[in-house]
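J.: Contents of upload_25.cif (mmCIF, C-alpha atoms) are below:
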data_work
#
loop_
_atom_site.label_atom_id
_atom_site.label_comp_id
_atom_site.auth_asym_id
_atom_site.auth_seq_id
_atom_site.Cartn_x
_atom_site.Cartn_y
_atom_site.Cartn_z
CA ARG E 1 125.51 159.39 133.10
CA SER E 2 129.18 158.50 132.76
CA VAL E 3 131.30 156.33 130.50
CA ARG E 4 133.28 153.46 131.98
CA LYS E 5 135.99 151.58 130.10
CA ASP E 6 135.33 150.70 126.45
CA GLU E 7 131.86 151.94 125.52
CA THR E 8 130.09 150.89 128.71
CA LYS E 9 127.82 153.60 130.06
CA ASN E 10 126.96 153.93 133.71
CA LEU E 11 123.46 155.34 133.54
CA ASN E 12 123.01 155.81 137.26
CA TYR E 13 123.31 154.40 140.71
CA LEU E 14 120.07 153.22 142.29
CA TYR E 15 119.06 155.30 145.30
CA GLY E 16 119.25 153.34 148.54
CA VAL E 17 120.74 150.28 146.83
CA ASN E 18 124.38 149.51 146.17
CA ALA E 19 123.70 148.81 142.48
CA GLU E 20 124.35 150.38 139.11
CA VAL E 21 122.37 150.62 135.89
CA LEU E 22 124.76 149.90 133.01
CA GLU E 23 124.37 150.09 129.25
CA PHE E 24 126.49 147.99 126.92
CA LYS E 25 126.65 147.89 123.14
CA VAL E 26 127.26 144.41 121.72
CA LYS E 27 130.29 144.53 119.45
CA PRO E 28 130.32 142.57 116.17
CA ASN E 29 133.16 140.35 117.42
CA SER E 30 131.70 139.82 120.90
CA ARG E 31 131.72 136.31 122.37
CA ILE E 32 128.04 136.65 123.29
CA ILE E 33 126.78 136.97 119.70
CA LYS E 34 124.16 134.33 118.87
CA LYS E 35 124.26 132.88 122.38
CA SER E 36 121.17 132.77 124.54
CA ILE E 37 121.13 134.52 127.89
CA LYS E 38 120.88 131.21 129.73
CA GLU E 39 123.98 129.89 127.90
CA LEU E 40 126.06 132.85 129.11
CA LYS E 41 125.86 132.10 132.82
CA LEU E 42 125.93 135.79 133.74
CA PRO E 43 126.77 136.70 137.34
CA THR E 44 123.82 136.15 139.68
CA SER E 45 124.32 139.72 140.91
CA THR E 46 123.13 141.07 137.53
CA ILE E 47 119.76 141.37 135.80
CA ILE E 48 119.23 142.24 132.13
CA SER E 49 116.39 144.72 132.10
CA GLY E 50 116.06 145.06 128.35
CA VAL E 51 117.61 145.30 124.91
CA VAL E 52 117.19 147.83 122.13
CA ARG E 53 117.74 146.38 118.66
CA LYS E 54 117.37 148.55 115.55
CA GLY E 55 115.16 150.99 117.43
CA HIS E 56 112.85 148.38 118.96
CA GLY E 57 112.82 147.53 122.66
CA TYR E 58 112.74 143.98 123.98
CA ILE E 59 112.20 142.53 127.43
CA THR E 60 114.51 139.54 127.48
CA HIS E 61 114.13 135.98 128.74
CA GLY E 62 116.55 133.06 128.90
CA ASP E 63 116.15 132.14 125.23
CA PHE E 64 116.89 135.66 123.91
CA ARG E 65 119.97 135.74 121.62
CA PHE E 66 122.17 138.81 121.25
CA GLN E 67 123.08 140.36 117.91
CA ALA E 68 125.78 142.86 116.97
CA ASN E 69 124.91 146.45 117.90
CA ASP E 70 122.24 145.49 120.43
CA VAL E 71 122.16 147.98 123.30
CA VAL E 72 121.75 146.08 126.58
CA THR E 73 120.63 147.66 129.86
CA ILE E 74 121.63 145.77 133.00
CA PHE E 75 121.17 146.25 136.74
CA ALA E 76 124.29 145.09 138.59
CA LEU E 77 125.62 144.87 142.11
CA PRO E 78 129.28 145.90 142.44
CA GLN E 79 130.60 142.33 142.73
CA GLY E 80 129.24 141.44 139.26
CA VAL E 81 130.35 144.49 137.27
CA LYS E 82 133.88 143.42 136.37
CA LYS E 83 132.84 139.97 135.13
CA LEU E 84 129.89 141.51 133.32
CA GLU E 85 132.18 143.93 131.48
CA SER E 86 134.24 140.96 130.23
CA TYR E 87 131.20 139.61 128.36
CA PHE E 88 130.92 142.83 126.37
CA ALA E 89 134.66 143.53 125.84
#
Give the structure from the file, written as structure tokens.
T.:
Amino acid sequence: RSVRKDETKNLNYLYGVNAEVLEFKVKPNSRIIKKSIKELKLPTSTIISGVVRKGHGYITHGDFRFQANDVVTIFALPQGVKKLESYFA
């Protein structure tokens, strides 16, 4: 487990795959607040695996909307990481 820029956590690299498991905390002023996943047009090289909100876990779908302080876990290939980080900056 390591910390990337801002508060992004790199939980681990996936064995045998050139991918990372990242954890982001949604900031109160984030541009993704109240937007659905499908509205965001996230990089195709990323997959949201789940969200923890106020201690409860959620498996997300396209209509899921982010709230401040959500903790988002994402699988990402290297080419999508930089753009992905911009969503949570």
J.: Which residues fall under the PyMOL selection byres ((chain E and resi 50-62) around 12) in this file, as a count of residues only?
T.: 30
J.: Please enumerate the residues selected by the PyMOL selection byres ((chain E and resi 44) around 10) when evaluated against the supplied file, formatted as a list in words.
T.: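 Selection result, ordered by chain and number: Lys41, Leu42, Pro43, Ser45, Thr46, Ile47, Ala76, Leu77, Gln79 and Gly80 of chain E.
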J.: Given the file shown, determine the residues that the PyMOL selection byres ((chain E and resi 30) around 8) selects; report them as a PyMOL selection string.
T.: chain E and resi 26-29+31-33+68+87-89
J.: Can you take range 53-69 of chain E from the block and write all heavy atoms as an mmCIF file, in the first residue's frame?
T.:
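Dumped everything to out_20.cif:
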data_model
loop_
_atom_site.group_PDB
_atom_site.id
_atom_site.type_symbol
_atom_site.label_atom_id
_atom_site.label_comp_id
_atom_site.auth_asym_id
_atom_site.auth_seq_id
_atom_site.Cartn_x
_atom_site.Cartn_y
_atom_site.Cartn_z
ATOM 1 N N ARG E 53 -19.497 4.148 1.504
ATOM 2 C CA ARG E 53 -20.130 5.403 1.895
ATOM 3 C C ARG E 53 -20.672 5.238 3.315
ATOM 4 O O ARG E 53 -21.521 4.389 3.562
ATOM 5 C CB ARG E 53 -21.274 5.742 0.935
ATOM 6 C CG ARG E 53 -22.041 6.993 1.302
ATOM 7 C CD ARG E 53 -23.178 7.268 0.345
ATOM 8 N NE ARG E 53 -22.652 7.644 -0.964
ATOM 9 C CZ ARG E 53 -23.334 7.515 -2.098
ATOM 10 N NH1 ARG E 53 -24.559 7.002 -2.089
ATOM 11 N NH2 ARG E 53 -22.787 7.888 -3.237
ATOM 12 N N LYS E 54 -20.146 6.049 4.216
ATOM 13 C CA LYS E 54 -20.587 6.034 5.625
ATOM 14 C C LYS E 54 -20.592 4.622 6.194
ATOM 15 O O LYS E 54 -21.522 4.200 6.867
ATOM 16 C CB LYS E 54 -21.965 6.677 5.757
ATOM 17 C CG LYS E 54 -21.983 8.133 5.346
ATOM 18 C CD LYS E 54 -23.356 8.746 5.493
ATOM 19 C CE LYS E 54 -23.325 10.189 5.028
ATOM 20 N NZ LYS E 54 -24.637 10.807 5.035
ATOM 21 N N GLY E 55 -19.533 3.864 5.875
ATOM 22 C CA GLY E 55 -19.374 2.531 6.441
ATOM 23 C C GLY E 55 -20.118 1.418 5.729
ATOM 24 O O GLY E 55 -20.021 0.264 6.123
ATOM 25 N N HIS E 56 -20.842 1.735 4.671
ATOM 26 C CA HIS E 56 -21.582 0.727 3.912
ATOM 27 C C HIS E 56 -20.967 0.567 2.530
ATOM 28 O O HIS E 56 -20.671 1.550 1.859
ATOM 29 C CB HIS E 56 -23.060 1.117 3.767
ATOM 30 C CG HIS E 56 -23.780 1.221 5.072
ATOM 31 N ND1 HIS E 56 -24.154 0.124 5.809
ATOM 32 C CD2 HIS E 56 -24.171 2.305 5.777
ATOM 33 C CE1 HIS E 56 -24.749 0.524 6.928
ATOM 34 N NE2 HIS E 56 -24.774 1.848 6.928
ATOM 35 N N GLY E 57 -20.806 -0.670 2.092
ATOM 36 C CA GLY E 57 -20.226 -0.952 0.789
ATOM 37 C C GLY E 57 -21.279 -1.036 -0.297
ATOM 38 O O GLY E 57 -22.392 -1.520 -0.066
ATOM 39 N N TYR E 58 -20.928 -0.568 -1.480
ATOM 40 C CA TYR E 58 -21.828 -0.581 -2.628
ATOM 41 C C TYR E 58 -21.094 -1.101 -3.853
ATOM 42 O O TYR E 58 -19.950 -0.706 -4.106
ATOM 43 C CB TYR E 58 -22.341 0.833 -2.957
ATOM 44 C CG TYR E 58 -23.158 1.447 -1.856
ATOM 45 C CD1 TYR E 58 -22.543 2.202 -0.859
ATOM 46 C CD2 TYR E 58 -24.531 1.262 -1.797
ATOM 47 C CE1 TYR E 58 -23.281 2.767 0.166
ATOM 48 C CE2 TYR E 58 -25.285 1.833 -0.769
ATOM 49 C CZ TYR E 58 -24.649 2.574 0.205
ATOM 50 O OH TYR E 58 -25.383 3.130 1.223
ATOM 51 N N ILE E 59 -21.754 -1.965 -4.609
ATOM 52 C CA ILE E 59 -21.281 -2.337 -5.933
ATOM 53 C C ILE E 59 -21.996 -1.372 -6.864
ATOM 54 O O ILE E 59 -23.217 -1.246 -6.831
ATOM 55 C CB ILE E 59 -21.615 -3.795 -6.269
ATOM 56 C CG1 ILE E 59 -20.834 -4.714 -5.329
ATOM 57 C CG2 ILE E 59 -21.308 -4.103 -7.727
ATOM 58 C CD1 ILE E 59 -21.161 -6.172 -5.458
ATOM 59 N N THR E 60 -21.220 -0.686 -7.683
ATOM 60 C CA THR E 60 -21.787 0.408 -8.467
ATOM 61 C C THR E 60 -22.191 -0.022 -9.876
ATOM 62 O O THR E 60 -21.656 -0.976 -10.425
ATOM 63 C CB THR E 60 -20.775 1.555 -8.570
ATOM 64 O OG1 THR E 60 -19.594 1.072 -9.211
ATOM 65 C CG2 THR E 60 -20.430 2.106 -7.206
ATOM 66 N N HIS E 61 -23.142 0.727 -10.411
ATOM 67 C CA HIS E 61 -23.598 0.575 -11.797
ATOM 68 C C HIS E 61 -23.609 1.969 -12.409
ATOM 69 O O HIS E 61 -23.313 2.957 -11.740
ATOM 70 C CB HIS E 61 -24.983 -0.066 -11.825
ATOM 71 C CG HIS E 61 -25.008 -1.424 -11.201
ATOM 72 N ND1 HIS E 61 -24.529 -2.548 -11.838
ATOM 73 C CD2 HIS E 61 -25.427 -1.829 -9.987
ATOM 74 C CE1 HIS E 61 -24.657 -3.588 -11.041
ATOM 75 N NE2 HIS E 61 -25.190 -3.190 -9.907
ATOM 76 N N GLY E 62 -23.986 2.078 -13.653
ATOM 77 C CA GLY E 62 -23.939 3.337 -14.377
ATOM 78 C C GLY E 62 -24.735 4.474 -13.777
ATOM 79 O O GLY E 62 -24.400 5.640 -13.943
ATOM 80 N N ASP E 63 -25.804 4.157 -13.033
ATOM 81 C CA ASP E 63 -26.637 5.219 -12.463
ATOM 82 C C ASP E 63 -26.202 5.653 -11.059
ATOM 83 O O ASP E 63 -26.790 6.561 -10.480
ATOM 84 C CB ASP E 63 -28.103 4.810 -12.452
ATOM 85 C CG ASP E 63 -28.356 3.542 -11.644
ATOM 86 O OD1 ASP E 63 -27.382 2.831 -11.308
ATOM 87 O OD2 ASP E 63 -29.525 3.238 -11.370
ATOM 88 N N PHE E 64 -25.161 5.029 -10.519
ATOM 89 C CA PHE E 64 -24.668 5.383 -9.181
ATOM 90 C C PHE E 64 -24.117 6.804 -9.198
ATOM 91 O O PHE E 64 -23.392 7.198 -10.094
ATOM 92 C CB PHE E 64 -23.569 4.405 -8.747
ATOM 93 C CG PHE E 64 -23.098 4.603 -7.338
ATOM 94 C CD1 PHE E 64 -23.707 3.941 -6.294
ATOM 95 C CD2 PHE E 64 -22.044 5.456 -7.061
ATOM 96 C CE1 PHE E 64 -23.270 4.116 -4.987
ATOM 97 C CE2 PHE E 64 -21.599 5.642 -5.766
ATOM 98 C CZ PHE E 64 -22.216 4.972 -4.728
ATOM 99 N N ARG E 65 -24.468 7.606 -8.167
ATOM 100 C CA ARG E 65 -24.000 8.989 -8.064
ATOM 101 C C ARG E 65 -23.094 9.129 -6.844
ATOM 102 O O ARG E 65 -23.430 8.675 -5.754
ATOM 103 C CB ARG E 65 -25.173 9.956 -7.952
ATOM 104 C CG ARG E 65 -26.003 9.972 -9.216
ATOM 105 C CD ARG E 65 -27.126 10.993 -9.172
ATOM 106 N NE ARG E 65 -27.915 10.928 -10.384
ATOM 107 C CZ ARG E 65 -27.614 11.571 -11.512
ATOM 108 N NH1 ARG E 65 -26.551 12.335 -11.561
ATOM 109 N NH2 ARG E 65 -28.375 11.444 -12.572
ATOM 110 N N PHE E 66 -21.956 9.789 -7.052
ATOM 111 C CA PHE E 66 -20.975 9.968 -5.987
ATOM 112 C C PHE E 66 -21.384 11.077 -5.040
ATOM 113 O O PHE E 66 -22.022 12.052 -5.430
ATOM 114 C CB PHE E 66 -19.600 10.298 -6.572
ATOM 115 C CG PHE E 66 -19.010 9.169 -7.351
ATOM 116 C CD1 PHE E 66 -18.991 9.202 -8.732
ATOM 117 C CD2 PHE E 66 -18.488 8.067 -6.706
ATOM 118 C CE1 PHE E 66 -18.446 8.164 -9.457
ATOM 119 C CE2 PHE E 66 -17.948 7.014 -7.423
ATOM 120 C CZ PHE E 66 -17.925 7.066 -8.804
ATOM 121 N N GLN E 67 -20.991 10.917 -3.776
ATOM 122 C CA GLN E 67 -21.184 11.933 -2.747
ATOM 123 C C GLN E 67 -19.835 12.236 -2.101
ATOM 124 O O GLN E 67 -18.907 11.425 -2.166
ATOM 125 C CB GLN E 67 -22.168 11.450 -1.683
ATOM 126 C CG GLN E 67 -23.571 11.242 -2.198
ATOM 127 C CD GLN E 67 -24.517 10.747 -1.120
ATOM 128 O OE1 GLN E 67 -24.174 10.678 0.057
ATOM 129 N NE2 GLN E 67 -25.716 10.386 -1.518
ATOM 130 N N ALA E 68 -19.743 13.401 -1.474
ATOM 131 C CA ALA E 68 -18.514 13.779 -0.768
ATOM 132 C C ALA E 68 -18.155 12.711 0.249
ATOM 133 O O ALA E 68 -19.031 12.134 0.899
ATOM 134 C CB ALA E 68 -18.698 15.124 -0.082
ATOM 135 N N ASN E 69 -16.882 12.430 0.352
ATOM 136 C CA ASN E 69 -16.293 11.475 1.292
ATOM 137 C C ASN E 69 -16.513 10.011 0.932
ATOM 138 O O ASN E 69 -16.121 9.131 1.707
ATOM 139 C CB ASN E 69 -16.748 11.755 2.732
ATOM 140 C CG ASN E 69 -16.344 13.139 3.167
ATOM 141 O OD1 ASN E 69 -15.182 13.527 3.028
ATOM 142 N ND2 ASN E 69 -17.295 13.920 3.666
#
